[in-house]
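Source file: work_7.pdb (PDB, C-alpha atoms)
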MODEL        1
ATOM      1  CA  MET A   1       6.570   5.324  30.232
ATOM      2  CA  LYS A   2       3.336   5.979  32.097
ATOM      3  CA  ALA A   3       1.773   9.089  33.645
ATOM      4  CA  GLY A   4      -1.455   9.530  35.551
ATOM      5  CA  CYS A   5      -3.250  11.350  38.340
ATOM      6  CA  VAL A   6      -6.620  12.293  39.792
ATOM      7  CA  ASP A   7      -7.857  15.564  41.289
ATOM      8  CA  PHE A   8      -5.558  17.549  39.022
ATOM      9  CA  ASN A   9      -6.251  21.196  38.197
ATOM     10  CA  GLY A  10      -5.030  23.124  35.187
ATOM     11  CA  THR A  11      -4.424  22.478  31.502
ATOM     12  CA  LEU A  12      -2.572  19.734  29.667
ATOM     13  CA  PRO A  13       1.005  20.940  29.045
ATOM     14  CA  SER A  14       1.705  20.966  25.314
ATOM     15  CA  ALA A  15       5.477  21.276  25.610
ATOM     16  CA  ALA A  16       5.764  18.276  27.922
ATOM     17  CA  PHE A  17       4.238  15.900  25.397
ATOM     18  CA  ALA A  18       6.775  16.982  22.810
ATOM     19  CA  ARG A  19       9.534  15.727  25.141
ATOM     20  CA  PHE A  20       7.985  12.422  26.275
ATOM     21  CA  ARG A  21       8.153  10.514  23.005
ATOM     22  CA  ASN A  22       8.118   7.138  24.786
ATOM     23  CA  LEU A  23       4.910   7.787  26.708
ATOM     24  CA  ASP A  24       2.547   4.827  26.310
ATOM     25  CA  THR A  25      -0.066   5.551  29.010
ATOM     26  CA  PHE A  26      -1.579   8.862  30.099
ATOM     27  CA  VAL A  27      -4.478   8.872  32.575
ATOM     28  CA  VAL A  28      -6.082  11.913  34.219
ATOM     29  CA  THR A  29      -9.638  11.260  35.431
ATOM     30  CA  ASP A  30     -12.188  12.883  37.744
ATOM     31  CA  SER A  31     -10.198  16.086  37.858
ATOM     32  CA  ARG A  32     -10.546  19.732  36.933
ATOM     33  CA  ILE A  33      -8.370  19.901  33.872
ATOM     34  CA  HIS A  34      -9.666  22.276  31.238
ATOM     35  CA  GLY A  35      -8.644  23.673  27.896
ATOM     36  CA  ILE A  36      -7.986  21.589  24.799
ATOM     37  CA  VAL A  37      -6.315  18.277  24.085
ATOM     38  CA  PRO A  38      -2.929  19.416  22.737
ATOM     39  CA  THR A  39      -2.131  18.488  19.151
ATOM     40  CA  GLU A  40       1.281  17.363  20.429
ATOM     41  CA  MET A  41      -0.385  14.285  21.947
ATOM     42  CA  ALA A  42      -1.012  13.062  18.415
ATOM     43  CA  SER A  43       2.765  12.917  17.928
ATOM     44  CA  LEU A  44       3.301  10.240  20.578
ATOM     45  CA  PRO A  45       4.034   7.143  18.473
ATOM     46  CA  ASN A  46       3.943   4.695  21.423
ATOM     47  CA  LEU A  47       0.735   5.910  23.032
ATOM     48  CA  GLU A  48      -1.560   2.964  23.828
ATOM     49  CA  HIS A  49      -3.805   4.277  26.620
ATOM     50  CA  LEU A  50      -5.306   7.769  26.763
ATOM     51  CA  VAL A  51      -7.925   8.199  29.500
ATOM     52  CA  LEU A  52      -9.251  11.702  30.208
ATOM     53  CA  THR A  53     -12.769  10.996  31.482
ATOM     54  CA  ASN A  54     -14.791  13.246  33.796
ATOM     55  CA  ASN A  55     -12.981  16.550  33.305
ATOM     56  CA  ASN A  56     -13.748  19.943  31.721
ATOM     57  CA  LEU A  57     -11.864  19.605  28.463
ATOM     58  CA  SER A  58     -13.201  21.470  25.432
ATOM     59  CA  GLY A  59     -12.459  21.766  21.741
ATOM     60  CA  PRO A  60     -12.043  18.979  19.196
ATOM     61  CA  ILE A  61     -10.140  15.708  19.200
ATOM     62  CA  PRO A  62      -6.909  16.388  17.271
ATOM     63  CA  PRO A  63      -7.512  14.575  13.949
ATOM     64  CA  ASN A  64      -4.003  13.118  13.946
ATOM     65  CA  MET A  65      -4.850  11.098  17.066
ATOM     66  CA  ALA A  66      -6.292   8.647  14.555
ATOM     67  CA  ASN A  67      -2.796   8.084  13.176
ATOM     68  CA  ILE A  68      -1.433   6.485  16.370
ATOM     69  CA  ALA A  69      -1.276   2.875  15.234
ATOM     70  CA  LEU A  70      -0.707   1.443  18.737
ATOM     71  CA  LEU A  71      -3.694   3.197  20.337
ATOM     72  CA  GLU A  72      -5.825   0.653  22.223
ATOM     73  CA  ASP A  73      -7.704   2.604  24.869
ATOM     74  CA  PHE A  74      -9.240   5.999  24.030
ATOM     75  CA  ARG A  75     -11.563   7.416  26.682
ATOM     76  CA  ILE A  76     -12.595  11.071  26.859
ATOM     77  CA  ALA A  77     -16.163  10.629  28.118
ATOM     78  CA  ASN A  78     -17.934  13.321  30.133
ATOM     79  CA  ASN A  79     -16.140  16.494  29.119
ATOM     80  CA  ARG A  80     -17.253  19.496  27.059
ATOM     81  CA  MET A  81     -15.556  18.595  23.815
ATOM     82  CA  THR A  82     -16.937  19.478  20.386
ATOM     83  CA  GLY A  83     -16.383  18.789  16.705
ATOM     84  CA  THR A  84     -16.496  15.608  14.671
ATOM     85  CA  ILE A  85     -14.759  12.227  14.841
ATOM     86  CA  ALA A  86     -12.065  11.942  12.195
ATOM     87  CA  ALA A  87     -12.819   9.333   9.534
ATOM     88  CA  ARG A  88      -9.319   7.961  10.041
ATOM     89  CA  PHE A  89     -10.400   6.389  13.338
ATOM     90  CA  ASN A  90     -11.969   3.803  11.052
ATOM     91  CA  LEU A  91      -8.507   2.442  10.280
ATOM     92  CA  LEU A  92      -6.998   2.098  13.755
ATOM     93  CA  PRO A  93      -5.797  -1.535  13.907
ATOM     94  CA  ALA A  94      -5.437  -2.121  17.666
ATOM     95  CA  LEU A  95      -8.396  -0.249  19.182
ATOM     96  CA  VAL A  96      -9.965  -2.107  22.128
ATOM     97  CA  ARG A  97     -11.912   0.565  23.983
ATOM     98  CA  PHE A  98     -13.444   3.776  22.618
ATOM     99  CA  GLU A  99     -15.604   5.939  24.906
ATOM    100  CA  ILE A 100     -16.617   9.487  23.943
ATOM    101  CA  GLN A 101     -20.122   9.849  25.418
ATOM    102  CA  GLY A 102     -21.100  12.888  27.475
ATOM    103  CA  ASN A 103     -19.668  15.576  25.193
ATOM    104  CA  SER A 104     -21.010  17.745  22.354
ATOM    105  CA  PHE A 105     -19.667  15.941  19.305
ATOM    106  CA  ASN A 106     -21.643  15.636  16.081
ATOM    107  CA  GLY A 107     -21.387  14.287  12.564
ATOM    108  CA  THR A 108     -21.049  10.768  11.231
ATOM    109  CA  LEU A 109     -19.374   7.983  13.171
ATOM    110  CA  PRO A 110     -16.806   5.807  11.401
ATOM    111  CA  ALA A 111     -17.329   2.074  10.961
ATOM    112  CA  PHE A 112     -14.205   1.101  12.971
ATOM    113  CA  SER A 113     -13.423  -1.481  10.317
ATOM    114  CA  GLY A 114      -9.721  -1.637  11.110
ATOM    115  CA  SER A 115     -10.374  -2.816  14.671
ATOM    116  CA  SER A 116     -12.981  -5.475  13.920
ATOM    117  CA  ASP A 117     -10.772  -8.155  15.517
ATOM    118  CA  THR A 118      -9.834  -6.142  18.623
ATOM    119  CA  LEU A 119     -12.711  -3.831  19.596
ATOM    120  CA  GLU A 120     -14.388  -4.714  22.921
ATOM    121  CA  ILE A 121     -16.077  -1.548  24.234
ATOM    122  CA  LEU A 122     -17.691   1.118  22.030
ATOM    123  CA  HIS A 123     -19.648   3.793  23.920
ATOM    124  CA  VAL A 124     -20.455   6.898  21.899
ATOM    125  CA  GLN A 125     -23.724   8.369  23.155
ATOM    126  CA  ASP A 126     -25.880   8.138  26.286
ATOM    127  CA  GLU A 127     -29.647   8.640  26.532
ATOM    128  CA  ILE A 128     -29.151  12.111  28.037
ATOM    129  CA  ASP A 129     -26.254  13.426  26.026
ATOM    130  CA  ASP A 130     -25.279  16.459  23.944
ATOM    131  CA  ASN A 131     -23.529  14.289  21.385
ATOM    132  CA  ASP A 132     -25.458  14.130  18.120
ATOM    133  CA  PHE A 133     -24.214  11.302  15.934
ATOM    134  CA  GLU A 134     -25.422   9.776  12.722
ATOM    135  CA  TRP A 135     -24.375   6.170  12.171
ATOM    136  CA  ARG A 136     -24.892   3.731   9.326
ATOM    137  CA  MET A 137     -25.056   0.397  11.095
ATOM    138  CA  SER A 138     -24.665  -1.740   7.987
ATOM    139  CA  ALA A 139     -21.164  -0.270   7.648
ATOM    140  CA  PHE A 140     -20.330  -1.132  11.263
ATOM    141  CA  PHE A 141     -21.616  -4.694  11.266
ATOM    142  CA  GLY A 142     -20.877  -5.320   7.604
ATOM    143  CA  ALA A 143     -19.328  -8.603   6.572
ATOM    144  CA  ALA A 144     -16.603  -8.751   9.222
ATOM    145  CA  ALA A 145     -17.088 -10.575  12.513
ATOM    146  CA  ARG A 146     -16.445  -8.729  15.771
ATOM    147  CA  PRO A 147     -15.425 -11.659  17.973
ATOM    148  CA  LYS A 148     -14.375  -9.577  20.999
ATOM    149  CA  LEU A 149     -17.128  -6.955  21.067
ATOM    150  CA  GLU A 150     -18.715  -6.882  24.541
ATOM    151  CA  SER A 151     -20.589  -3.597  24.743
ATOM    152  CA  ILE A 152     -21.947  -1.098  22.217
ATOM    153  CA  ARG A 153     -23.887   1.992  23.300
ATOM    154  CA  CYS A 154     -25.283   4.511  20.845
ATOM    155  CA  ASN A 155     -28.367   5.826  22.632
ATOM    156  CA  SER A 156     -30.630   8.437  21.023
ATOM    157  CA  CYS A 157     -28.464   8.402  17.911
ATOM    158  CA  ARG A 158     -29.614   9.008  14.354
ATOM    159  CA  LEU A 159     -29.273   5.443  13.168
ATOM    160  CA  GLN A 160     -29.498   4.373   9.556
ATOM    161  CA  GLY A 161     -29.575   1.126   7.653
ATOM    162  CA  SER A 162     -30.741  -2.348   8.474
ATOM    163  CA  PHE A 163     -30.161  -4.397  11.589
ATOM    164  CA  SER A 164     -29.278  -7.511   9.654
ATOM    165  CA  THR A 165     -26.151  -8.787  11.349
ATOM    166  CA  SER A 166     -25.637 -12.389  12.327
ATOM    167  CA  PHE A 167     -25.066 -12.790  16.047
ATOM    168  CA  ALA A 168     -22.727 -15.629  15.225
ATOM    169  CA  LYS A 169     -20.296 -12.772  14.542
ATOM    170  CA  LEU A 170     -20.851 -11.370  18.071
ATOM    171  CA  PRO A 171     -20.289 -14.325  20.421
ATOM    172  CA  ASN A 172     -19.138 -12.217  23.397
ATOM    173  CA  LEU A 173     -21.701  -9.418  23.232
ATOM    174  CA  GLN A 174     -23.100  -8.416  26.634
ATOM    175  CA  VAL A 175     -24.655  -4.962  26.133
ATOM    176  CA  LEU A 176     -26.477  -3.841  22.980
ATOM    177  CA  HIS A 177     -27.839  -0.277  23.052
ATOM    178  CA  LEU A 178     -28.865   1.046  19.627
ATOM    179  CA  THR A 179     -31.726   3.467  20.200
ATOM    180  CA  ASN A 180     -32.865   6.039  17.676
ATOM    181  CA  GLU A 181     -33.540   9.740  18.208
ATOM    182  CA  ALA A 182     -34.991  10.952  14.902
ATOM    183  CA  GLY A 183     -36.142   9.526  11.592
ATOM    184  CA  ASP A 184     -36.902   5.902  10.865
ATOM    185  CA  GLY A 185     -33.868   4.406  12.567
ATOM    186  CA  LEU A 186     -32.862   0.806  12.066
ATOM    187  CA  GLY A 187     -34.944  -1.354   9.782
ATOM    188  CA  GLY A 188     -35.011  -5.104   9.419
ATOM    189  CA  SER A 189     -35.670  -7.583  12.197
ATOM    190  CA  ILE A 190     -33.920  -9.129  15.179
ATOM    191  CA  PRO A 191     -32.082 -12.214  13.875
ATOM    192  CA  ALA A 192     -33.176 -15.528  15.354
ATOM    193  CA  ASP A 193     -29.562 -16.477  16.024
ATOM    194  CA  ILE A 194     -29.395 -13.846  18.785
ATOM    195  CA  ALA A 195     -29.306 -16.777  21.239
ATOM    196  CA  VAL A 196     -25.684 -17.321  20.183
ATOM    197  CA  SER A 197     -24.775 -14.291  22.344
ATOM    198  CA  GLN A 198     -25.436 -16.092  25.631
ATOM    199  CA  ASP A 199     -23.802 -13.352  27.706
ATOM    200  CA  LEU A 200     -26.278 -10.630  26.684
ATOM    201  CA  THR A 201     -27.583  -8.745  29.721
ATOM    202  CA  GLU A 202     -29.092  -5.605  28.132
ATOM    203  CA  ILE A 203     -30.851  -5.117  24.791
ATOM    204  CA  HIS A 204     -32.109  -1.583  24.110
ATOM    205  CA  LEU A 205     -33.478  -1.083  20.578
ATOM    206  CA  SER A 206     -36.104   1.586  21.221
ATOM    207  CA  GLY A 207     -37.334   4.077  18.642
ATOM    208  CA  ASN A 208     -36.348   2.241  15.491
ATOM    209  CA  SER A 209     -38.331   0.679  12.644
ATOM    210  CA  LEU A 210     -37.684  -2.957  13.457
ATOM    211  CA  SER A 211     -40.424  -5.231  12.213
ATOM    212  CA  ASN A 212     -41.628  -8.826  11.952
ATOM    213  CA  GLN A 213     -42.060 -10.946  15.051
ATOM    214  CA  ILE A 214     -40.014 -10.675  18.239
ATOM    215  CA  PRO A 215     -37.920 -13.851  18.123
ATOM    216  CA  ALA A 216     -38.775 -16.450  20.747
ATOM    217  CA  GLU A 217     -35.046 -17.156  20.910
ATOM    218  CA  LEU A 218     -34.695 -14.102  23.179
ATOM    219  CA  GLY A 219     -36.100 -16.359  25.861
ATOM    220  CA  SER A 220     -32.954 -18.483  25.599
ATOM    221  CA  LEU A 221     -30.700 -15.731  26.951
ATOM    222  CA  PRO A 222     -30.038 -16.841  30.535
ATOM    223  CA  VAL A 223     -28.721 -13.564  31.995
ATOM    224  CA  LEU A 224     -30.824 -11.010  30.086
ATOM    225  CA  THR A 225     -32.033  -8.377  32.579
ATOM    226  CA  GLU A 226     -33.218  -5.504  30.346
ATOM    227  CA  LEU A 227     -35.201  -5.732  27.102
ATOM    228  CA  LYS A 228     -36.419  -2.464  25.585
ATOM    229  CA  LEU A 229     -38.161  -2.843  22.224
ATOM    230  CA  ASP A 230     -40.630   0.056  22.480
ATOM    231  CA  GLY A 231     -41.330   2.353  19.564
ATOM    232  CA  ASN A 232     -40.865  -0.128  16.730
ATOM    233  CA  ASP A 233     -43.068  -1.976  14.242
ATOM    234  CA  PHE A 234     -43.029  -5.501  15.642
ATOM    235  CA  THR A 235     -45.959  -7.719  14.683
ATOM    236  CA  GLY A 236     -47.634 -10.857  15.957
ATOM    237  CA  LEU A 237     -47.737 -11.888  19.599
ATOM    238  CA  ILE A 238     -45.265 -11.347  22.435
ATOM    239  CA  PRO A 239     -43.407 -14.673  22.755
ATOM    240  CA  GLN A 240     -44.228 -16.491  25.968
ATOM    241  CA  GLU A 241     -40.590 -17.561  26.140
ATOM    242  CA  VAL A 242     -39.649 -13.900  26.643
ATOM    243  CA  ALA A 243     -42.384 -13.235  29.198
ATOM    244  CA  LEU A 244     -41.257 -16.246  31.232
ATOM    245  CA  LEU A 245     -37.583 -15.267  31.283
ATOM    246  CA  SER A 246     -36.832 -15.226  35.006
ATOM    247  CA  SER A 247     -33.761 -12.992  34.750
ATOM    248  CA  LEU A 248     -35.677 -10.007  33.300
ATOM    249  CA  ASN A 249     -36.329  -6.970  35.501
ATOM    250  CA  VAL A 250     -36.979  -4.392  32.737
ATOM    251  CA  LEU A 251     -39.371  -5.109  29.846
ATOM    252  CA  GLU A 252     -40.645  -2.249  27.644
ATOM    253  CA  LEU A 253     -42.826  -3.153  24.657
ATOM    254  CA  GLN A 254     -45.136  -0.137  24.228
ATOM    255  CA  HIS A 255     -45.766   1.794  21.006
ATOM    256  CA  ASN A 256     -45.680  -1.210  18.721
ATOM    257  CA  PRO A 257     -49.023  -0.744  16.938
ATOM    258  CA  ASN A 258     -49.197  -4.260  15.496
ATOM    259  CA  LEU A 259     -47.945  -6.199  18.521
ATOM    260  CA  GLY A 260     -50.360  -8.024  20.824
ATOM    261  CA  GLY A 261     -50.285 -10.734  23.411
ATOM    262  CA  ASP A 262     -50.658 -11.655  27.041
ATOM    263  CA  LEU A 263     -48.389 -10.658  29.908
ATOM    264  CA  THR A 264     -50.958 -11.208  32.647
ATOM    265  CA  THR A 265     -50.818 -15.005  32.580
ATOM    266  CA  PRO A 266     -47.061 -15.599  32.325
ATOM    267  CA  ILE A 267     -45.972 -12.656  34.503
ATOM    268  CA  CYS A 268     -48.707 -11.066  36.623
ATOM    269  CA  ASN A 269     -50.394 -14.331  37.659
ATOM    270  CA  ASN A 270     -47.183 -16.289  37.964
ATOM    271  CA  THR A 271     -46.411 -16.519  41.677
ATOM    272  CA  ASP A 272     -43.024 -18.070  40.974
ATOM    273  CA  LEU A 273     -41.855 -14.976  39.079
ATOM    274  CA  GLN A 274     -43.113 -12.456  41.705
ATOM    275  CA  ALA A 275     -43.431  -9.703  39.104
ATOM    276  CA  SER A 276     -44.186  -6.956  41.617
ATOM    277  CA  LEU A 277     -40.869  -7.579  43.333
ATOM    278  CA  ARG A 278     -38.766  -8.482  40.323
ATOM    279  CA  PHE A 279     -39.626  -5.850  37.692
ATOM    280  CA  SER A 280     -38.384  -2.299  38.070
ATOM    281  CA  GLN A 281     -40.097  -1.412  34.763
ATOM    282  CA  LEU A 282     -42.840  -3.298  32.924
ATOM    283  CA  SER A 283     -44.746  -1.493  30.181
ATOM    284  CA  ALA A 284     -46.800  -2.373  27.103
ATOM    285  CA  ASP A 285     -49.773  -1.288  24.954
ATOM    286  CA  CYS A 286     -52.251  -2.417  27.579
ATOM    287  CA  GLY A 287     -54.170   0.848  27.933
ATOM    288  CA  ILE A 288     -56.731   2.315  25.531
ATOM    289  CA  SER A 289     -55.515   0.167  22.647
ATOM    290  CA  ASN A 290     -55.880  -2.983  24.788
ATOM    291  CA  ARG A 291     -53.636  -4.912  22.410
ATOM    292  CA  VAL A 292     -51.708  -6.471  25.290
ATOM    293  CA  ALA A 293     -53.217  -7.986  28.427
ATOM    294  CA  CYS A 294     -51.176  -6.882  31.453
ATOM    295  CA  SER A 295     -52.724  -6.442  34.891
ATOM    296  CA  CYS A 296     -49.449  -5.626  36.640
ATOM    297  CA  CYS A 297     -47.682  -3.273  34.220
ATOM    298  CA  ASP A 298     -46.198  -0.111  35.673
ATOM    299  CA  GLU A 299     -47.357   1.811  32.598
ATOM    300  CA  CYS A 300     -50.061   1.014  30.051
ATOM    301  CA  PHE A 301     -50.218   2.917  26.782
TER     302      PHE A 301
ENDMDL
END
Write out the structure in this file as structure tokens.
Amino acid sequence: MKAGCVDFNGTLPSAAFARFRNLDTFVVTDSRIHGIVPTEMASLPNLEHLVLTNNNLSGPIPPNMANIALLEDFRIANNRMTGTIAARFNLLPALVRFEIQGNSFNGTLPAFSGSSDTLEILHVQDEIDDNDFEWRMSAFFGAAARPKLESIRCNSCRLQGSFSTSFAKLPNLQVLHLTNEAGDGLGGSIPADIAVSQDLTEIHLSGNSLSNQIPAELGSLPVLTELKLDGNDFTGLIPQEVALLSSLNVLELQHNPNLGGDLTTPICNNTDLQASLRFSQLSADCGISNRVACSCCDECF
């Protein structure tokens, strides 16, 4: 049984969910529903898809929602919900899509270990967001592969641990946003086997404590359009392979105090790349510090 609508006004009817035990899909998006998510929804044993994005819902996620073993698609982004994410979400075995950004949640995110073989989309926090999550990344990446993961977004989170995963475990990754809001953030370095994830289009790792050299293997990603590595501790020189990547239109490398190099020759003076037309954002430590040569950067720090 399925139910769904748009442009709906009112609250979610608690009593109705108690009657519809066979409901497997419930979708109400871009509407004006308000109030709380009824606890009765957590008693729907066949629920697979719950999509309540872009509404005015408030209150917490009923903790027992994490007991629905068949739940695949859980999207409540862009509401006014509060509270924490129940640790039991870690054990959901069939989860494919989990989107909760644009709310006012807080606390520690689970590792989603139970869905390591199924999870494709994990969006928990945007750059401008009232969510305030702490997340230990070593628990998320861990030893298990995530063969279907396509997109992970935890922007301006309070990240902990080391970024030491092998990208051989992430063959289908397309979007990687792990930016840090406070504290040291992710340590470690970007693994050289990142080139395994040939579908990567966006890498945002700003505000962490990543160190060592930026791997030249980033230049082997054929569809990479955005690379944001600002605010880290990278050392050495900017790889020319990265600077010459023709698919890039956003490159942010500023606030890396031990990173130098030349962007003028491979980008600014390269008529084939047409940097002024191609880049929507190009920034580096090419100002007072003069660690990076860049005559065409939008911003020099």
Skip Asp193 in chain A itself and residues of its chain fewer than 6 positions away, then list as an MDAnalysis selection string all residues within 8 Å of it, counting only C-alpha atoms. chainID A and resid 166:168 217
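With CA of Phe105 in chain A on one side and CA of Leu71 in chain A on the other, the separation reads 20.5 Å.
If you apply the PyMOL selection byres ((chain A and resi 10) around 8) to this structure, you end up with Phe8, Asn9, Thr11, Leu12, Arg32, Ile33 and His34 of chain A.
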Selection: 8 Å around Phe301 in chain A, all atoms listed in the file, excl. self and same-chain fewer than 6 positions, as a ChimeraX atom specification: /A:254-255,283-289
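A straight line drawn from CA of Thr29 in chain A to CA of Phe133 in chain A is 24.3 Å long.
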